[in-house]
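Text of query_26.cif, listed as mmCIF, C-alpha atoms:
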```cif
data_query
#
loop_
_atom_site.label_atom_id
_atom_site.label_comp_id
_atom_site.auth_asym_id
_atom_site.auth_seq_id
_atom_site.Cartn_x
_atom_site.Cartn_y
_atom_site.Cartn_z
CA MET A 1 -76.84 8.81 -116.34
CA GLN A 2 -73.38 9.52 -115.16
CA GLU A 3 -72.79 6.19 -113.57
CA ASP A 4 -69.09 6.56 -113.21
CA VAL A 5 -69.45 9.63 -111.04
CA HIS A 6 -71.93 7.83 -108.87
CA THR A 7 -69.99 4.62 -108.34
CA THR A 8 -66.92 6.56 -107.25
CA GLU A 9 -69.11 8.50 -104.83
CA SER A 10 -71.12 5.72 -103.24
CA THR A 11 -68.78 4.15 -100.78
CA GLU A 12 -71.44 3.42 -98.18
CA ALA A 13 -73.58 1.33 -100.51
CA PRO A 14 -71.42 -1.03 -102.47
CA GLU A 15 -74.44 -3.17 -103.43
CA HIS A 16 -75.57 -0.46 -105.92
CA LYS A 17 -75.20 -2.17 -109.24
CA GLY A 18 -77.04 -0.18 -111.89
CA GLY A 19 -76.50 3.11 -110.11
CA PHE A 20 -80.18 3.91 -110.37
CA PRO A 21 -81.08 4.45 -106.72
CA PRO A 22 -84.87 3.90 -106.89
CA PHE A 23 -84.28 0.37 -108.18
CA ASP A 24 -81.82 -0.48 -105.41
CA LEU A 25 -83.58 -3.50 -103.91
CA THR A 26 -81.50 -3.44 -100.72
CA THR A 27 -83.31 -0.30 -99.57
CA PHE A 28 -86.79 -1.72 -100.16
CA PRO A 29 -87.31 -3.40 -96.76
CA SER A 30 -86.43 -0.20 -94.93
CA GLN A 31 -88.64 1.88 -97.26
CA ILE A 32 -91.65 -0.38 -96.85
CA PHE A 33 -91.08 -0.74 -93.11
CA TRP A 34 -91.06 2.99 -92.45
CA LEU A 35 -93.85 3.64 -94.94
CA VAL A 36 -96.11 1.19 -93.12
CA ILE A 37 -95.31 2.74 -89.73
CA THR A 38 -95.69 6.36 -90.79
CA PHE A 39 -98.70 5.86 -93.05
CA ALA A 40 -100.49 3.79 -90.41
CA PHE A 41 -99.83 6.53 -87.88
CA LEU A 42 -101.16 9.22 -90.24
CA PHE A 43 -104.21 7.11 -91.05
CA VAL A 44 -105.07 6.56 -87.40
CA VAL A 45 -104.58 10.23 -86.51
CA LEU A 46 -106.68 11.48 -89.42
CA TRP A 47 -109.32 8.79 -88.84
CA ARG A 48 -109.64 9.15 -85.08
CA VAL A 49 -108.54 12.69 -84.26
CA ALA A 50 -108.13 15.21 -87.04
CA GLY A 51 -111.06 14.08 -89.22
CA PRO A 52 -113.68 14.18 -86.44
CA ARG A 53 -112.28 17.51 -85.22
CA ILE A 54 -112.55 19.19 -88.62
CA ASN A 55 -115.89 17.54 -89.30
CA GLY A 56 -117.15 18.74 -85.92
CA VAL A 57 -116.25 22.33 -86.69
CA ILE A 58 -117.77 22.21 -90.17
CA THR A 59 -120.95 20.59 -88.87
CA ALA A 60 -121.17 23.06 -85.98
CA ARG A 61 -120.79 25.98 -88.39
CA ARG A 62 -123.43 24.57 -90.74
CA GLY A 63 -125.75 24.08 -87.74
CA LYS A 64 -125.10 27.60 -86.48
CA ILE A 65 -125.81 29.14 -89.88
CA HIS A 66 -128.97 27.05 -90.17
CA GLY A 67 -130.08 28.03 -86.68
CA ASP A 68 -129.36 31.70 -87.28
CA ILE A 69 -131.31 31.72 -90.52
CA GLU A 70 -134.22 29.98 -88.83
CA GLU A 71 -134.09 32.45 -85.96
CA ALA A 72 -134.03 35.37 -88.37
CA GLN A 73 -136.99 33.94 -90.27
CA LYS A 74 -138.89 33.51 -87.00
CA ALA A 75 -138.09 37.09 -86.00
CA ARG A 76 -139.34 38.31 -89.36
CA ALA A 77 -142.55 36.29 -89.00
CA ASP A 78 -143.01 37.73 -85.52
CA ALA A 79 -142.48 41.25 -86.81
CA GLU A 80 -144.94 40.66 -89.62
CA ALA A 81 -147.50 39.24 -87.16
CA ALA A 82 -146.97 42.26 -84.91
CA GLY A 83 -147.56 44.53 -87.90
CA VAL A 84 -150.77 42.71 -88.75
CA ALA A 85 -151.91 42.87 -85.10
CA TYR A 86 -151.14 46.58 -85.02
CA GLN A 87 -153.15 47.16 -88.19
CA SER A 88 -156.14 45.23 -86.88
CA ALA A 89 -155.95 46.99 -83.51
CA LEU A 90 -155.82 50.30 -85.33
CA THR A 91 -158.84 49.38 -87.45
CA ALA A 92 -160.79 48.24 -84.38
CA ALA A 93 -159.93 51.41 -82.47
CA ARG A 94 -160.94 53.52 -85.42
CA ALA A 95 -164.28 51.65 -85.69
CA ARG A 96 -164.87 52.10 -81.97
CA ALA A 97 -164.07 55.79 -82.16
CA ASN A 98 -166.48 56.18 -85.09
CA GLY A 99 -169.17 54.33 -83.10
CA LEU A 100 -168.65 56.52 -80.09
CA ALA A 101 -168.81 59.68 -82.19
CA GLU A 102 -171.99 58.49 -83.87
CA GLU A 103 -173.56 57.64 -80.51
CA ASN A 104 -172.58 61.03 -79.12
CA ARG A 105 -174.08 62.80 -82.08
CA GLN A 106 -177.33 60.90 -81.74
CA THR A 107 -177.50 61.64 -78.02
CA LEU A 108 -176.83 65.28 -78.69
CA ASN A 109 -179.39 65.38 -81.49
CA ALA A 110 -182.00 63.84 -79.21
CA GLU A 111 -181.17 66.30 -76.45
CA ILE A 112 -181.32 69.18 -78.89
CA ALA A 113 -184.68 67.98 -80.18
CA LYS A 114 -185.99 67.60 -76.64
CA ALA A 115 -184.72 71.02 -75.61
CA LYS A 116 -186.25 72.54 -78.75
CA THR A 117 -189.61 70.89 -78.09
CA SER A 118 -189.70 72.08 -74.50
CA ALA A 119 -188.58 75.56 -75.54
CA ASP A 120 -191.30 75.62 -78.21
CA ALA A 121 -193.89 74.62 -75.63
CA GLU A 122 -192.66 77.31 -73.23
CA THR A 123 -192.77 79.89 -75.99
CA ALA A 124 -196.31 78.89 -76.95
CA LYS A 125 -197.39 79.13 -73.30
CA VAL A 126 -195.83 82.56 -72.93
CA MET A 127 -197.37 83.66 -76.20
CA ASP A 128 -200.82 82.42 -75.20
CA ALA A 129 -200.53 84.28 -71.90
CA ALA A 130 -199.45 87.40 -73.74
CA HIS A 131 -202.34 87.08 -76.17
CA ALA A 132 -204.74 86.69 -73.27
CA ARG A 133 -203.29 89.74 -71.55
CA ILE A 134 -203.51 91.74 -74.74
CA ALA A 135 -207.12 90.69 -75.20
CA ALA A 136 -207.92 91.60 -71.59
CA THR A 137 -206.20 94.92 -71.89
CA GLN A 138 -208.06 95.55 -75.13
CA GLU A 139 -211.34 94.70 -73.40
CA GLN A 140 -210.47 96.92 -70.51
CA ALA A 141 -209.46 99.71 -72.80
CA ARG A 142 -212.67 99.28 -74.73
CA GLY A 143 -214.53 99.53 -71.39
CA HIS A 144 -212.70 102.73 -70.50
CA VAL A 145 -213.44 104.25 -73.90
CA ALA A 146 -217.16 103.41 -73.55
CA LYS A 147 -217.27 104.91 -70.08
CA ALA A 148 -215.49 108.02 -71.29
CA ALA A 149 -217.93 108.21 -74.19
CA GLU A 150 -220.93 107.90 -71.77
CA GLU A 151 -219.56 110.62 -69.55
CA ALA A 152 -218.82 112.73 -72.57
CA ALA A 153 -222.33 112.02 -73.87
CA ILE A 154 -223.92 112.97 -70.53
CA ALA A 155 -221.85 116.14 -70.44
CA ILE A 156 -222.67 117.01 -74.06
CA VAL A 157 -226.36 116.33 -73.55
CA ALA A 158 -226.39 118.36 -70.39
CA ARG A 159 -224.68 121.29 -72.08
CA LEU A 160 -226.91 121.18 -75.11
CA THR A 161 -230.23 120.45 -73.56
CA GLY A 162 -229.67 120.96 -69.97
CA GLU A 163 -231.18 117.56 -69.40
CA THR A 164 -229.59 115.07 -67.25
CA VAL A 165 -229.17 111.75 -68.86
CA SER A 166 -228.90 108.71 -66.65
CA PRO A 167 -225.70 106.79 -67.01
CA ALA A 168 -227.62 103.71 -68.01
CA ASP A 169 -229.28 105.49 -70.93
CA ALA A 170 -225.94 106.93 -71.92
CA ALA A 171 -224.38 103.53 -71.87
CA LYS A 172 -227.18 102.14 -73.95
CA ALA A 173 -226.80 104.92 -76.45
CA VAL A 174 -223.04 104.48 -76.68
CA ARG A 175 -223.46 100.80 -77.18
CA GLU A 176 -225.96 101.31 -79.97
CA SER A 177 -223.92 103.95 -81.74
CA MET B 1 -69.31 18.95 -106.12
CA GLU B 2 -72.04 16.44 -106.91
CA LEU B 3 -73.11 16.62 -110.51
CA ASN B 4 -74.97 13.34 -110.73
CA PRO B 5 -78.67 14.20 -111.01
CA MET B 6 -79.58 10.73 -109.72
CA GLU B 7 -77.66 11.14 -106.51
CA GLN B 8 -80.59 12.93 -104.89
CA PHE B 9 -82.64 9.73 -105.06
CA THR B 10 -80.18 7.68 -103.05
CA VAL B 11 -81.60 6.28 -99.84
CA LYS B 12 -78.90 6.77 -97.24
CA PRO B 13 -79.07 5.11 -93.83
CA LEU B 14 -78.87 7.53 -90.92
CA VAL B 15 -79.39 5.05 -88.07
CA PRO B 16 -78.60 1.44 -89.03
CA LEU B 17 -81.32 -0.91 -87.87
CA HIS B 18 -81.93 -4.60 -88.47
CA LEU B 19 -85.11 -6.52 -87.79
CA ALA B 20 -85.65 -10.24 -88.44
CA GLY B 21 -82.76 -10.32 -90.84
CA TYR B 22 -83.97 -7.30 -92.85
CA ASP B 23 -82.20 -3.99 -93.12
CA VAL B 24 -84.79 -1.52 -91.84
CA SER B 25 -82.34 1.30 -91.13
CA PHE B 26 -83.71 4.75 -90.40
CA THR B 27 -82.77 6.57 -93.61
CA ASN B 28 -82.99 10.07 -95.02
CA GLN B 29 -86.24 8.89 -96.59
CA SER B 30 -87.56 7.61 -93.25
CA LEU B 31 -86.71 11.00 -91.75
CA LEU B 32 -88.78 12.73 -94.43
CA MET B 33 -91.65 10.29 -93.97
CA VAL B 34 -91.70 10.97 -90.23
CA THR B 35 -91.50 14.71 -90.90
CA VAL B 36 -94.29 14.64 -93.49
CA VAL B 37 -96.58 12.53 -91.33
CA ALA B 38 -95.88 14.58 -88.22
CA ALA B 39 -96.50 17.81 -90.13
CA ALA B 40 -99.74 16.53 -91.68
CA ALA B 41 -101.06 15.11 -88.41
CA ALA B 42 -100.09 18.16 -86.35
CA PHE B 43 -101.42 20.64 -88.89
CA LEU B 44 -104.75 18.92 -89.45
CA THR B 45 -105.20 18.41 -85.71
CA PHE B 46 -104.01 21.65 -84.15
CA ALA B 47 -104.90 24.18 -86.85
CA VAL B 48 -108.51 23.36 -86.09
CA LYS B 49 -109.97 24.31 -82.72
CA PRO B 50 -113.33 22.74 -81.88
CA GLY B 51 -115.98 25.40 -81.56
CA ARG B 52 -114.01 28.04 -83.46
CA LEU B 53 -116.63 28.76 -86.11
CA VAL B 54 -114.77 31.69 -87.63
CA PRO B 55 -111.63 29.97 -88.87
CA THR B 56 -108.11 31.29 -88.79
CA ARG B 57 -105.97 31.05 -91.90
CA GLY B 58 -104.58 27.68 -90.86
CA GLN B 59 -107.97 26.31 -89.93
CA SER B 60 -109.33 27.44 -93.30
CA MET B 61 -106.61 25.47 -95.05
CA ALA B 62 -107.26 22.36 -92.95
CA GLU B 63 -111.00 22.63 -93.56
CA ALA B 64 -110.46 23.30 -97.26
CA SER B 65 -108.33 20.16 -97.65
CA TYR B 66 -110.91 18.16 -95.70
CA GLU B 67 -113.78 19.38 -97.85
CA PHE B 68 -111.74 19.05 -101.04
CA VAL B 69 -111.22 15.33 -100.39
CA ALA B 70 -114.77 14.85 -99.09
CA ASN B 71 -116.20 16.43 -102.25
CA MET B 72 -113.85 14.39 -104.41
CA ILE B 73 -115.09 11.15 -102.84
CA HIS B 74 -118.70 12.25 -102.88
CA SER B 75 -118.67 13.20 -106.55
CA SER B 76 -116.84 10.08 -107.76
CA THR B 77 -118.17 7.33 -105.49
CA GLY B 78 -121.37 8.80 -104.06
CA GLU B 79 -122.64 8.81 -100.49
CA ASP B 80 -121.49 5.33 -99.47
CA GLY B 81 -117.93 6.08 -100.57
CA LEU B 82 -117.58 8.49 -97.65
CA LYS B 83 -116.76 5.67 -95.26
CA PHE B 84 -113.42 5.48 -97.06
CA PHE B 85 -112.80 9.13 -96.31
CA PRO B 86 -110.02 8.57 -93.72
CA PHE B 87 -108.19 6.29 -96.15
CA VAL B 88 -108.39 8.61 -99.16
CA PHE B 89 -107.69 11.67 -97.01
CA SER B 90 -104.55 10.01 -95.59
CA LEU B 91 -103.39 8.98 -99.06
CA PHE B 92 -103.98 12.46 -100.47
CA MET B 93 -102.31 14.29 -97.59
CA PHE B 94 -99.39 11.87 -97.49
CA VAL B 95 -98.67 12.07 -101.23
CA LEU B 96 -99.31 15.83 -101.38
CA LEU B 97 -97.00 16.70 -98.49
CA ALA B 98 -94.42 14.14 -99.61
CA ASN B 99 -94.35 15.86 -103.00
CA PHE B 100 -94.24 19.35 -101.49
CA PHE B 101 -91.58 18.54 -98.91
CA GLY B 102 -89.53 17.02 -101.70
CA MET B 103 -89.42 20.48 -103.30
CA VAL B 104 -87.40 21.82 -100.38
CA PRO B 105 -83.70 21.89 -101.33
CA TRP B 106 -81.55 19.17 -99.71
CA SER B 107 -84.60 17.28 -98.54
CA PHE B 108 -85.67 13.97 -100.03
CA THR B 109 -88.60 13.15 -102.30
CA ILE B 110 -90.35 10.16 -100.75
CA THR B 111 -92.58 9.65 -103.79
CA SER B 112 -89.61 9.43 -106.16
CA GLN B 113 -89.13 5.87 -104.87
CA ILE B 114 -90.96 3.16 -106.78
CA ALA B 115 -91.00 1.01 -103.63
CA VAL B 116 -93.11 3.58 -101.82
CA THR B 117 -95.48 4.41 -104.67
CA PHE B 118 -95.91 0.74 -105.56
CA ALA B 119 -96.64 -0.14 -101.94
CA LEU B 120 -99.27 2.61 -101.79
CA ALA B 121 -100.78 1.51 -105.11
CA CYS B 122 -100.92 -2.10 -103.88
CA LEU B 123 -102.63 -0.90 -100.73
CA VAL B 124 -105.25 0.84 -102.89
CA VAL B 125 -105.82 -2.17 -105.14
CA LEU B 126 -105.95 -4.60 -102.20
CA THR B 127 -108.51 -2.35 -100.52
CA VAL B 128 -110.54 -2.34 -103.73
CA ILE B 129 -110.42 -6.14 -103.98
CA VAL B 130 -111.35 -6.64 -100.31
CA VAL B 131 -114.19 -4.11 -100.52
CA GLY B 132 -115.42 -5.58 -103.80
CA PHE B 133 -115.60 -9.17 -102.55
CA ALA B 134 -116.99 -8.08 -99.17
CA LYS B 135 -119.79 -6.16 -100.87
CA HIS B 136 -120.63 -8.40 -103.83
CA GLY B 137 -119.09 -11.76 -102.99
CA ILE B 138 -118.18 -13.70 -106.10
CA GLY B 139 -120.37 -11.25 -108.05
CA PHE B 140 -117.46 -8.83 -107.87
CA LEU B 141 -116.00 -10.76 -110.82
CA LYS B 142 -118.74 -9.23 -112.97
CA LEU B 143 -116.47 -6.19 -112.92
CA PHE B 144 -114.53 -7.96 -115.68
CA VAL B 145 -117.63 -8.56 -117.81
CA PRO B 146 -118.81 -5.33 -119.43
CA HIS B 147 -122.22 -5.00 -121.07
CA ALA B 148 -121.41 -6.19 -124.60
CA PRO B 149 -122.41 -8.88 -127.12
CA ALA B 150 -121.09 -12.34 -126.21
CA PRO B 151 -118.50 -12.65 -128.99
CA LEU B 152 -116.94 -9.36 -128.01
CA LEU B 153 -116.64 -10.57 -124.42
CA LEU B 154 -113.99 -13.07 -125.56
CA LEU B 155 -111.86 -10.06 -126.31
CA LEU B 156 -113.11 -7.64 -123.65
CA VAL B 157 -112.83 -9.84 -120.57
CA PRO B 158 -109.07 -10.44 -120.95
CA ILE B 159 -108.61 -6.72 -121.59
CA GLU B 160 -110.56 -5.87 -118.44
CA VAL B 161 -108.54 -8.38 -116.42
CA ILE B 162 -105.25 -7.07 -117.72
CA SER B 163 -106.24 -3.45 -117.12
CA PHE B 164 -107.24 -4.33 -113.57
CA LEU B 165 -104.00 -6.19 -112.91
CA THR B 166 -101.87 -3.36 -114.30
CA ARG B 167 -103.52 -0.80 -112.06
CA PRO B 168 -100.92 -1.03 -109.28
CA ILE B 169 -98.23 -0.50 -111.91
CA SER B 170 -99.88 2.42 -113.68
CA LEU B 171 -100.87 4.06 -110.41
CA SER B 172 -97.41 3.77 -108.89
CA VAL B 173 -95.31 4.45 -111.98
CA ARG B 174 -97.30 7.58 -112.83
CA LEU B 175 -96.47 9.19 -109.50
CA PHE B 176 -92.94 7.83 -109.29
CA ALA B 177 -92.00 8.84 -112.84
CA ASN B 178 -93.47 12.32 -112.53
CA MET B 179 -91.54 13.04 -109.35
CA LEU B 180 -88.36 11.42 -110.62
CA ALA B 181 -88.44 13.27 -113.93
CA GLY B 182 -89.15 16.65 -112.38
CA HIS B 183 -86.43 16.42 -109.79
CA THR B 184 -83.93 15.01 -112.28
CA MET B 185 -84.65 17.91 -114.58
CA LEU B 186 -84.10 20.39 -111.76
CA ALA B 187 -80.80 18.72 -110.87
CA VAL B 188 -79.65 18.68 -114.50
CA PHE B 189 -80.34 22.38 -114.92
CA GLY B 190 -78.76 23.01 -111.54
CA GLY B 191 -75.69 21.24 -112.85
CA PHE B 192 -75.69 23.54 -115.90
CA VAL B 193 -75.74 26.57 -113.62
CA VAL B 194 -72.76 25.28 -111.67
CA ALA B 195 -70.85 24.20 -114.76
CA LEU B 196 -71.40 27.52 -116.58
CA GLY B 197 -70.64 29.52 -113.45
CA ALA B 198 -67.39 27.66 -112.97
CA ALA B 199 -66.39 28.10 -116.61
CA GLY B 200 -65.60 31.76 -116.00
CA GLY B 201 -65.76 34.77 -118.31
CA ALA B 202 -68.75 35.34 -120.53
CA LEU B 203 -70.00 31.81 -119.92
CA SER B 204 -70.54 32.64 -116.24
CA LEU B 205 -73.03 35.28 -117.27
CA LEU B 206 -74.86 32.70 -119.37
CA SER B 207 -75.54 30.65 -116.25
CA ILE B 208 -78.47 32.95 -115.53
CA ALA B 209 -80.42 31.21 -118.33
CA PRO B 210 -80.65 27.75 -116.72
CA MET B 211 -81.20 29.50 -113.38
CA LEU B 212 -84.35 31.20 -114.74
CA LEU B 213 -85.39 27.90 -116.25
CA ILE B 214 -85.07 26.28 -112.83
CA VAL B 215 -87.43 28.88 -111.39
CA ALA B 216 -89.96 28.12 -114.12
CA ILE B 217 -89.61 24.36 -113.69
CA MET B 218 -89.91 24.79 -109.94
CA LEU B 219 -93.32 26.42 -110.41
CA LEU B 220 -94.34 23.69 -112.80
CA GLU B 221 -93.17 21.09 -110.29
CA LEU B 222 -95.31 22.65 -107.57
CA LEU B 223 -98.29 22.20 -109.88
CA VAL B 224 -97.24 18.62 -110.67
CA ALA B 225 -96.81 17.91 -106.96
CA PHE B 226 -100.40 18.87 -106.29
CA LEU B 227 -101.74 17.34 -109.49
CA GLN B 228 -100.15 13.94 -108.91
CA ALA B 229 -101.50 13.81 -105.35
CA TYR B 230 -104.92 14.71 -106.74
CA VAL B 231 -104.68 12.11 -109.51
CA PHE B 232 -103.62 9.44 -107.04
CA ALA B 233 -106.54 10.23 -104.76
CA ILE B 234 -109.16 10.54 -107.51
CA LEU B 235 -108.08 7.26 -109.12
CA THR B 236 -108.39 5.63 -105.71
CA CYS B 237 -111.93 7.01 -105.54
CA ILE B 238 -112.76 5.76 -109.02
CA TYR B 239 -111.43 2.27 -108.25
CA LEU B 240 -113.38 2.24 -104.98
CA ASN B 241 -116.48 3.32 -106.87
CA GLU B 242 -116.11 0.31 -109.17
CA ALA B 243 -115.70 -1.96 -106.18
CA LEU B 244 -118.81 -0.52 -104.57
CA HIS B 245 -121.06 -0.22 -107.60
CA LEU B 246 -119.44 -2.45 -110.26
CA HIS B 247 -120.36 -0.99 -113.63
CA ASP B 248 -123.64 0.56 -112.52
CA ALA B 249 -123.90 4.29 -112.72
CA HIS B 250 -123.90 5.67 -109.23
#
```

Kindly present the structure from the file in structure tokens form.
Amino acid sequence: MQEDVHTTESTEAPEHKGGFPPFDLTTFPSQIFWLVITFAFLFVVLWRVAGPRINGVITARRGKIHGDIEEAQKARADAEAAGVAYQSALTAARARANGLAEENRQTLNAEIAKAKTSADAETAKVMDAAHARIAATQEQARGHVAKAAEEAAIAIVARLTGETVSPADAAKAVRES
Amino acid sequence: MELNPMEQFTVKPLVPLHLAGYDVSFTNQSLLMVTVVAAAAAFLTFAVKPGRLVPTRGQSMAEASYEFVANMIHSSTGEDGLKFFPFVFSLFMFVLLANFFGMVPWSFTITSQIAVTFALACLVVLTVIVVGFAKHGIGFLKLFVPHAPAPLLLLLVPIEVISFLTRPISLSVRLFANMLAGHTMLAVFGGFVVALGAAGGALSLLSIAPMLLIVAIMLLELLVAFLQAYVFAILTCIYLNEALHLHDAH
């Protein structure tokens, strides 16, 4: 320590003895006095104003982040629920469509069967009528043939024998031939 | 030219003031104290805007210092230590900014005065004693009786008492000596720069060496400035933890 330099310098503080300023007791009251004032002021400001302000912001941010995460989770749950609802609606619609198609097919099948039955009946009726007509025509034709044969027989007999054969005899002969 | 490295620690009255027979003049140190406190209070109050959830740079710093101290208290004293947050926060910010403002050339280092650091240390220890007796009554004295066999206690109790009583000294001298030593060193090397520069010739060129050294020490001092504020605050927390929980693990 260059005490000599210091002592020649310090004209305003002649009480300095050792020349080591931090141990200069005469300055202590002033140091403590101003320390108490300034530190008390800082303490009160940080305690009452700055601390709550900073804490408020930090708490608000934490709350916001929490809220946002919760909201996002809720939105995701909603979306998942909507997906599930969509799937179940789709399945139900598909089942209903299958039911309707099945019902339609059965109705159609029944109608087809009914139509076929009625058509079959119609056909049978028409066929029976046709058979009857054919049989009648056959009978008629057979009648015509017999008559022609009688006439032919009468004519033949007349030509050969010159006898006249009664139509009844001719018919009897044709029938027996 | 002032070449005395101790001159920077002289408390010089700016406005003479007397109160009840004591010299309480407004000094260069008082000016720095007012500046430091005003800066700390203004910064921590106005850098933060309520409702501004996306912080600006300043608000980030204010919030970071808040959370730094809050975490420090929480980790060393637990949940119930947080009611001392304003006290520890004020101590930390005061010592930190006092140290940092002292780094500015031609300013004054408040914490290089043993009167200030000792007063702060006494405040801490008095708080610890008040809290301890308020919480545990006379049971607070168990702090001086560690868990040990009875014969050893004859030795350990005086040691505990002495270590408790020397706390204000160790706490204050640690901060005071660190600041004093760092700033003295800077002034000494500054003196070398001036002396070599004034010597002329080749010696003037050599003055760059202590100059570079000053830059390096300056960086180191910035670290010390923060570290000593941190140490002061964390020791306060540890002492408060003992007052709150005695020797139990928290």

Query raised in the report: CA of Lys116 (chain A) and CA of Ala130 (chain A) are how many Å apart?
Result: 20.5 Å

With a distance threshold of 7 Å and counting all atoms listed in the file, extract the residues of chain A near chain B and express them as a compact mmCIF listing (two decimals) with C-alpha atoms, in the frame of the given file.
```
# COMPACT_ATOMS: atom_id res chain seq x y z
CA GLN A 2 -73.38 9.52 -115.16
CA VAL A 5 -69.45 9.63 -111.04
CA HIS A 6 -71.93 7.83 -108.87
CA PHE A 20 -80.18 3.91 -110.37
CA PRO A 21 -81.08 4.45 -106.72
CA PRO A 22 -84.87 3.90 -106.89
CA THR A 27 -83.31 -0.30 -99.57
CA PHE A 28 -86.79 -1.72 -100.16
CA PRO A 29 -87.31 -3.40 -96.76
CA SER A 30 -86.43 -0.20 -94.93
CA GLN A 31 -88.64 1.88 -97.26
CA ILE A 32 -91.65 -0.38 -96.85
CA PHE A 33 -91.08 -0.74 -93.11
CA TRP A 34 -91.06 2.99 -92.45
CA LEU A 35 -93.85 3.64 -94.94
CA THR A 38 -95.69 6.36 -90.79
CA LEU A 42 -101.16 9.22 -90.24
CA PHE A 43 -104.21 7.11 -91.05
CA VAL A 45 -104.58 10.23 -86.51
CA LEU A 46 -106.68 11.48 -89.42
CA TRP A 47 -109.32 8.79 -88.84
CA VAL A 49 -108.54 12.69 -84.26
CA ALA A 50 -108.13 15.21 -87.04
CA ARG A 53 -112.28 17.51 -85.22
CA ILE A 54 -112.55 19.19 -88.62
CA GLY A 56 -117.15 18.74 -85.92
CA VAL A 57 -116.25 22.33 -86.69
CA ARG A 61 -120.79 25.98 -88.39
```

Requested in this report: Given the file shown, enumerate the residues that the PyMOL selection byres ((chain B and resi 239) around 10) captures and present them as an MDAnalysis selection string.
Outcome: chainID B and resid 76:77 124:125 127:129 132 164 167 233:238 240:246

Requested in this report: For CA of Leu126 (chain B) and CA of Ser170 (chain B), determine how far apart the two atoms are, in Å to one decimal place.
Outcome: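 About the pair CA of Leu126 (chain B) and CA of Ser170 (chain B): they are 14.8 Å apart.
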
Apply the PyMOL selection byres ((chain B and resi 103) around 12) to the displayed file and report the matching residues as a short mmCIF file (atom, residue, chain, number, x, y, z; two decimals) with C-alpha atoms, in the coordinates of the input.
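Below you can see selection15.cif, which holds the result:
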```cif
data_model
loop_
_atom_site.label_atom_id
_atom_site.label_comp_id
_atom_site.auth_asym_id
_atom_site.auth_seq_id
_atom_site.Cartn_x
_atom_site.Cartn_y
_atom_site.Cartn_z
CA GLN B 8 -80.59 12.93 -104.89
CA LEU B 32 -88.78 12.73 -94.43
CA LEU B 96 -99.31 15.83 -101.38
CA LEU B 97 -97.00 16.70 -98.49
CA ALA B 98 -94.42 14.14 -99.61
CA ASN B 99 -94.35 15.86 -103.00
CA PHE B 100 -94.24 19.35 -101.49
CA PHE B 101 -91.58 18.54 -98.91
CA GLY B 102 -89.53 17.02 -101.70
CA VAL B 104 -87.40 21.82 -100.38
CA PRO B 105 -83.70 21.89 -101.33
CA TRP B 106 -81.55 19.17 -99.71
CA SER B 107 -84.60 17.28 -98.54
CA PHE B 108 -85.67 13.97 -100.03
CA THR B 109 -88.60 13.15 -102.30
CA ILE B 110 -90.35 10.16 -100.75
CA THR B 111 -92.58 9.65 -103.79
CA SER B 112 -89.61 9.43 -106.16
CA MET B 179 -91.54 13.04 -109.35
CA LEU B 180 -88.36 11.42 -110.62
CA GLY B 182 -89.15 16.65 -112.38
CA HIS B 183 -86.43 16.42 -109.79
CA THR B 184 -83.93 15.01 -112.28
CA LEU B 186 -84.10 20.39 -111.76
CA ALA B 187 -80.80 18.72 -110.87
CA ILE B 214 -85.07 26.28 -112.83
CA VAL B 215 -87.43 28.88 -111.39
CA ILE B 217 -89.61 24.36 -113.69
CA MET B 218 -89.91 24.79 -109.94
CA LEU B 219 -93.32 26.42 -110.41
CA LEU B 220 -94.34 23.69 -112.80
CA GLU B 221 -93.17 21.09 -110.29
CA LEU B 222 -95.31 22.65 -107.57
CA LEU B 223 -98.29 22.20 -109.88
CA VAL B 224 -97.24 18.62 -110.67
CA ALA B 225 -96.81 17.91 -106.96
CA PHE B 226 -100.40 18.87 -106.29
#
```

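Computed from the coordinates, the CA of Ile37 (chain A) to CA of Gly21 (chain B) distance equals 18.1 Å.
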